[in-house]
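Everything below concerns the one structure shown next.
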Protein chains: 2
Amino acid sequence: MSGNNLITPVILSGGSGTRLWPVSTDERPKQFLNLTGPLSMFQMTLERCQSSDLFELPIIVGSARHAALTEEQMDEIGTRAAAHILEPCARNTAPAIALAALACADPQALMLVMPSDHVIKNVPEFQNAVRDSIPLARARWLVTFGIAPNGPETGYGYIQQGSPIVGSVNSFSAKRFVEKPNRENAEKMLDDGGYHWNAGIFLFRADNYLQALGEHAPEMLEAAKSAMNHGHKEGHQIIPQEAAFACAPSDSIDYAVMEKAEKVAVTPIDPGWSDVGSWDSLFEISTEDDQSNVTSGKVLAINAKDNLIHADGFEIAAFGVHDLIIVASGNKVMIMPRGQSQNVKKIVTELQKGD
Amino acid sequence: MSGNNLITPVILSGGSGTRLWPVSTDERPKQFLNLTGPLSMFQMTLERCQSSDLFELPIIVGSARHAALTEEQMDEIGTRAAAHILEPCARNTAPAIALAALACADPQALMLVMPSDHVIKNVPEFQNAVRDSIPLARARWLVTFGIAPNGPETGYGYIQQGSPIVGSVNSFSAKRFVEKPNRENAEKMLDDGGYHWNAGIFLFRADNYLQALGEHAPEMLEAAKSAMNHGHKEGHQIIPQEAAFACAPSDSIDYAVMEKAEKVAVTPIDPGWSDVGSWDSLFEISTEDDQSNVTSGKVLAINAKDNLIHADGFEIAAFGVHDLIIVASGNKVMIMPRGQSQNVKKIVTELQKGD
């Protein structure tokens, strides 16, 4: 297959987090929840790369703990995977992507690396930007996709574009990766222009990534190789050896590779992206009903407006309240004003103290 | 026992209602809930008449549907009953009290009729007023206890006092029963003075009540007698015959008897009474914590104040909200602003439409 232009989607589903507590939990993290429609974000990510003229079967990399849930969600939408790699422990994105690169049958396979806990509304636009970037990736660029920022967000990293890459459709050399900025710096970047949000979406050749990893994080590459060499397969599942993989330093692809590598490109995109990183961001990307509430599940709203009401196995009746986030799930209920959902972590921390 | 001055408490526990939805339900109405402390209002009512120099064992009149729950709650606090009458259907208070009067071994027994869904904070004051009224009841007065109104409530009936009864400690002839007034009339009564809330608490001789019933609602008396004559006993439980009891007109003691009878007295009391008729009234009589929240169950409140938070088998986390009523019970969650709990009925009505 060497040299063909089909892309191997690499879907990272190993994330965990509690920013959408009480719905997102360790047992069922955000990517497996269907907060925005009938499909989970993981399933939407799978569907985003179903176009047969562009994509091979995907490689899934996720936590061994969620293997059954992952397979179940793939089955639900009838998706097969080229491989499902079960991480025996969490080592952040750089080692996870190394496992996927090592699992590619073709060393020159084009890998489109995607988190599975984001929403992209305009899939054709996203796919077009990916298609346009294939020649760059073939030519050994490590391509990132930079999201057009719609505000001075302090929760994301930024990528500063450099010069346009000659011959590309709309890509730039990446001049600088900026860690999550403070408000002032975020505003300055927006004023200056030429900055994009780093959404963790990358396109590159497997061999290029492994080469860059060998240069900038050689012990990580060794650990990933050893884990794969001493691992085993069960059908399409690949189980890397835990002892070897545990030796990999835990680091993101941004820190371990992208910030240090040569020939890093950024392709700007604006495909209606959201990381649904909080209840407030879920409200923003959701469709309001005629009382301007965003509801899911069994909800009765009377004289209530501008609320996010999420009823998971419960019936929620809201009377005369406005601008609240009301979430019931498991045996937990959470209520807070809209605009304050960054404080969910404080609740989780307090509750853990009590345990 | 004829002529002794011990009182037979008659505790009416047949009420149902949804004003404290979703906690109060048909299966477990308000009187059986422990909303204000470790004991239910039914249990607190039982404990209110435990003083052996004043009270005989009580007669309980309640719905057959709640017989097991009633017995369970009596057992929990180690209370025995002289009789537990299981109403086969609901016929309001006048027929229920007739059953109790007919169950009294002594025709001249002094009955202290009490609803079981009220809270009385100052039990000694209540008992003293009852004690002071015994001579009146013995002298064939139908004594009501009138609660000192603390505001122009439109949710209660009022009793207007007439002349002081000579020889009584502090009782008046009852001049007039006023149905639930509108706001204007309620305010006028408060301005005029001499009006008391009708709390449904009465003291009279069994034979006097039955005689008044025979005069003013003879078909009700006949139905009650027939139900008892054709009923049966199982231990201390009395099961009136359903077919006969169903023939009793459904009416309150106020309408059927008290408004029409001669020799009706009112003894004013101010014993910290509340009917806990709404979530707002529960907030008012409850003790606030140091964030001025009233909470029960597993509640985490952060930067939240002046809320009523009731977690029944759930954990509720409230962040940054104020002046809300938040109640979770069964698989229901209700949220509304404080001061609006009269609207609970609207929610229940809406939900029933959906069923």
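Residues are named by chain letter and number: chains run A, B, ... in the order of the structure tokens, numbers start at 1 in each chain, and ligands are numbered from 1 in the order shown.
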Contact residues (chain B, partner chain A, 9 Å, only C-alpha atoms) as a PyMOL selection string: chain B and resi 300-302+311+313-321+324+326+328+330-337+340+343-344+346-347+350-351
Show which residues sit within 9 Å of Pro29 in chain B, as a ChimeraX atom specification. Count only C-alpha atoms, and ignore same-chain residues fewer than 3 positions away. /B:14-18,20,23-26,32-33,117
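With only C-alpha atoms taken into account, the protein and nucleic acid residues at most 10 Å from Trp273 in chain A (excluding it and anything under 5 positions from it in its own chain) are A:His118, A:Val119, A:Ile120, A:Lys121, A:Asn122, A:Val123, A:Phe126, A:Ile147, A:Ala148, A:Pro149, A:Ala199, A:Ile285.
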Using only C-alpha atoms, which protein or nucleic acid residues come within 12 Å of Thr36 in chain B? Drop anything in the same chain fewer than 3 positions from it, and give the result as number ranges by chain. B: 30-33, 39-44, 117-121, 274-276, 279, 281-288, 294-297, 310
Restricting to only C-alpha atoms, whichever of B:Gln241, B:Thr144, B:Ser63, B:Asn170 is closest to Phe202 in chain B is B:Thr144
Tell me which protein, DNA and RNA residues are within 8 Å of Asp251 in chain B, counting only C-alpha atoms, leaving out same-chain ones fewer than 3 positions away, and put them as a PyMOL selection string. chain B and resi 91-95+255-256
Store the residues of this selection in a file with N, CA and C atoms, as a PDB file, in the first residue's frame.
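That gives us selection_0.pdb:
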ATOM      1  N   ARG B  91     -63.257   9.749  53.096  1.00  0.00           N
ATOM      2  CA  ARG B  91     -64.525  10.472  53.180  1.00  0.00           C
ATOM      3  C   ARG B  91     -64.376  11.761  53.973  1.00  0.00           C
ATOM      4  N   ASN B  92     -63.143  12.314  53.996  1.00  0.00           N
ATOM      5  CA  ASN B  92     -62.866  13.561  54.694  1.00  0.00           C
ATOM      6  C   ASN B  92     -62.992  13.348  56.213  1.00  0.00           C
ATOM      7  N   THR B  93     -62.897  14.436  56.985  1.00  0.00           N
ATOM      8  CA  THR B  93     -62.690  14.283  58.421  1.00  0.00           C
ATOM      9  C   THR B  93     -63.944  13.940  59.221  1.00  0.00           C
ATOM     10  N   ALA B  94     -65.111  14.440  58.839  1.00  0.00           N
ATOM     11  CA  ALA B  94     -66.296  14.228  59.689  1.00  0.00           C
ATOM     12  C   ALA B  94     -66.624  12.738  59.845  1.00  0.00           C
ATOM     13  N   PRO B  95     -66.682  11.956  58.750  1.00  0.00           N
ATOM     14  CA  PRO B  95     -66.933  10.518  58.915  1.00  0.00           C
ATOM     15  C   PRO B  95     -65.786   9.802  59.642  1.00  0.00           C
ATOM     16  N   TYR B 255     -67.393  21.928  58.041  1.00  0.00           N
ATOM     17  CA  TYR B 255     -68.643  22.158  57.317  1.00  0.00           C
ATOM     18  C   TYR B 255     -69.791  21.348  57.903  1.00  0.00           C
ATOM     19  N   ALA B 256     -69.532  20.048  58.178  1.00  0.00           N
ATOM     20  CA  ALA B 256     -70.628  19.148  58.548  1.00  0.00           C
ATOM     21  C   ALA B 256     -71.162  19.440  59.943  1.00  0.00           C
TER      22      ALA B 256
END
Any idea what's packed within 7 Å of range 176-187 of chain B, counting only C-alpha atoms, ignoring anything in its chain fewer than 5 positions away? Could you give it as a PyMOL selection string? chain B and resi 152-160+259
Please dump the current selection as a PDB file, in the first residue's frame; keep N, CA and C atoms.
ATOM      1  N   PRO B 152     -51.440  37.416  57.228  1.00  0.00           N
ATOM      2  CA  PRO B 152     -52.749  37.312  56.557  1.00  0.00           C
ATOM      3  C   PRO B 152     -52.784  36.128  55.595  1.00  0.00           C
ATOM      4  N   GLU B 153     -52.663  34.920  56.146  1.00  0.00           N
ATOM      5  CA  GLU B 153     -52.620  33.703  55.318  1.00  0.00           C
ATOM      6  C   GLU B 153     -53.943  33.487  54.598  1.00  0.00           C
ATOM      7  N   THR B 154     -53.863  33.177  53.338  1.00  0.00           N
ATOM      8  CA  THR B 154     -55.078  32.893  52.581  1.00  0.00           C
ATOM      9  C   THR B 154     -55.295  31.389  52.429  1.00  0.00           C
ATOM     10  N   GLY B 155     -54.390  30.615  52.998  1.00  0.00           N
ATOM     11  CA  GLY B 155     -54.476  29.164  52.822  1.00  0.00           C
ATOM     12  C   GLY B 155     -55.222  28.447  53.944  1.00  0.00           C
ATOM     13  N   TYR B 156     -55.614  29.168  54.985  1.00  0.00           N
ATOM     14  CA  TYR B 156     -56.283  28.546  56.116  1.00  0.00           C
ATOM     15  C   TYR B 156     -57.678  29.129  56.318  1.00  0.00           C
ATOM     16  N   GLY B 157     -58.559  28.326  56.980  1.00  0.00           N
ATOM     17  CA  GLY B 157     -59.802  28.871  57.483  1.00  0.00           C
ATOM     18  C   GLY B 157     -59.536  29.623  58.782  1.00  0.00           C
ATOM     19  N   TYR B 158     -60.442  30.524  59.128  1.00  0.00           N
ATOM     20  CA  TYR B 158     -60.305  31.315  60.360  1.00  0.00           C
ATOM     21  C   TYR B 158     -61.508  31.048  61.263  1.00  0.00           C
ATOM     22  N   ILE B 159     -61.318  31.245  62.556  1.00  0.00           N
ATOM     23  CA  ILE B 159     -62.403  31.161  63.530  1.00  0.00           C
ATOM     24  C   ILE B 159     -62.470  32.504  64.243  1.00  0.00           C
ATOM     25  N   GLN B 160     -63.654  33.109  64.233  1.00  0.00           N
ATOM     26  CA  GLN B 160     -63.806  34.377  64.951  1.00  0.00           C
ATOM     27  C   GLN B 160     -64.309  34.081  66.357  1.00  0.00           C
ATOM     28  N   GLU B 259     -69.601  24.405  62.017  1.00  0.00           N
ATOM     29  CA  GLU B 259     -70.220  25.667  61.610  1.00  0.00           C
ATOM     30  C   GLU B 259     -71.698  25.725  61.994  1.00  0.00           C
TER      31      GLU B 259
END
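For the pair CA of Arg205 in chain A and CA of Ala137 in chain A, the separation is 6.2 Å.
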All residues 6 Å or closer to Pro58 in chain B, only C-alpha atoms, same chain fewer than 3 positions away omitted, as a list in words: Thr8, Pro9, Val10, Ala81 and Ala82 of chain B
Residues as selected, N, CA and C atoms, written as a PDB file, in the first residue's frame, can you do that?
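Writing done, so here's selection25.pdb:
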ATOM      1  N   THR B   8     -58.670  10.740  75.172  1.00  0.00           N
ATOM      2  CA  THR B   8     -58.312   9.795  74.114  1.00  0.00           C
ATOM      3  C   THR B   8     -57.867  10.577  72.884  1.00  0.00           C
ATOM      4  N   PRO B   9     -56.581  10.547  72.583  1.00  0.00           N
ATOM      5  CA  PRO B   9     -56.151  11.231  71.359  1.00  0.00           C
ATOM      6  C   PRO B   9     -56.707  10.509  70.140  1.00  0.00           C
ATOM      7  N   VAL B  10     -57.245  11.263  69.214  1.00  0.00           N
ATOM      8  CA  VAL B  10     -57.721  10.695  67.951  1.00  0.00           C
ATOM      9  C   VAL B  10     -56.884  11.327  66.846  1.00  0.00           C
ATOM     10  N   ALA B  81     -51.504   1.602  70.149  1.00  0.00           N
ATOM     11  CA  ALA B  81     -52.749   2.330  69.922  1.00  0.00           C
ATOM     12  C   ALA B  81     -53.886   1.568  70.591  1.00  0.00           C
ATOM     13  N   ALA B  82     -54.869   2.317  71.087  1.00  0.00           N
ATOM     14  CA  ALA B  82     -56.087   1.675  71.576  1.00  0.00           C
ATOM     15  C   ALA B  82     -56.807   1.020  70.401  1.00  0.00           C
TER      16      ALA B  82
END
As an exercise, work out the distance from CA of Gln161 in chain B to CA of Pro124 in chain B in Å and give it to one decimal place. 23.3 Å
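For the residues A:Ser173, A:Val266, A:His230, A:Ser252, ranking by smallest atom-to-atom distance to Trp197 in chain A using only C-alpha atoms places A:Val266 first.
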Would you compute the distance between CA of Ala103 in chain B and CA of Ser133 in chain B? Give it in Å to one decimal. 22.6 Å
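Of the residues under consideration (A:Lys260, A:Ala243, A:Asn5, A:Asn34), A:Asn5 shows the shortest atom-to-atom contact distance to Pro135 in chain A when counting only C-alpha atoms.
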Restricting to only C-alpha atoms, whichever of B:Ser51, B:Ser163, B:Ser13, B:Asn150 is closest to Leu69 in chain B is B:Ser13
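Using only C-alpha atoms, the nearest neighbour of Val264 in chain B within the list B:Pro88, B:Pro115, B:Pro164, B:Gly277 is B:Pro164.
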Once DSSP has gone over the backbone, tell me which residues of range 126-341 of chain B are in helix (DSSP H, G or I), as JSON, numbers by chain. {"B": [126, 127, 128, 129, 130, 131, 132, 133, 134, 135, 136, 137, 138, 183, 184, 185, 186, 187, 188, 189, 190, 191, 192, 206, 207, 208, 209, 210, 211, 212, 213, 214, 215, 216, 218, 219, 220, 221, 222, 223, 224, 225, 226, 227, 228, 229, 242, 243, 244, 245, 253, 254, 255, 256, 257, 258, 279, 280, 281, 282, 283, 284, 285, 341]}
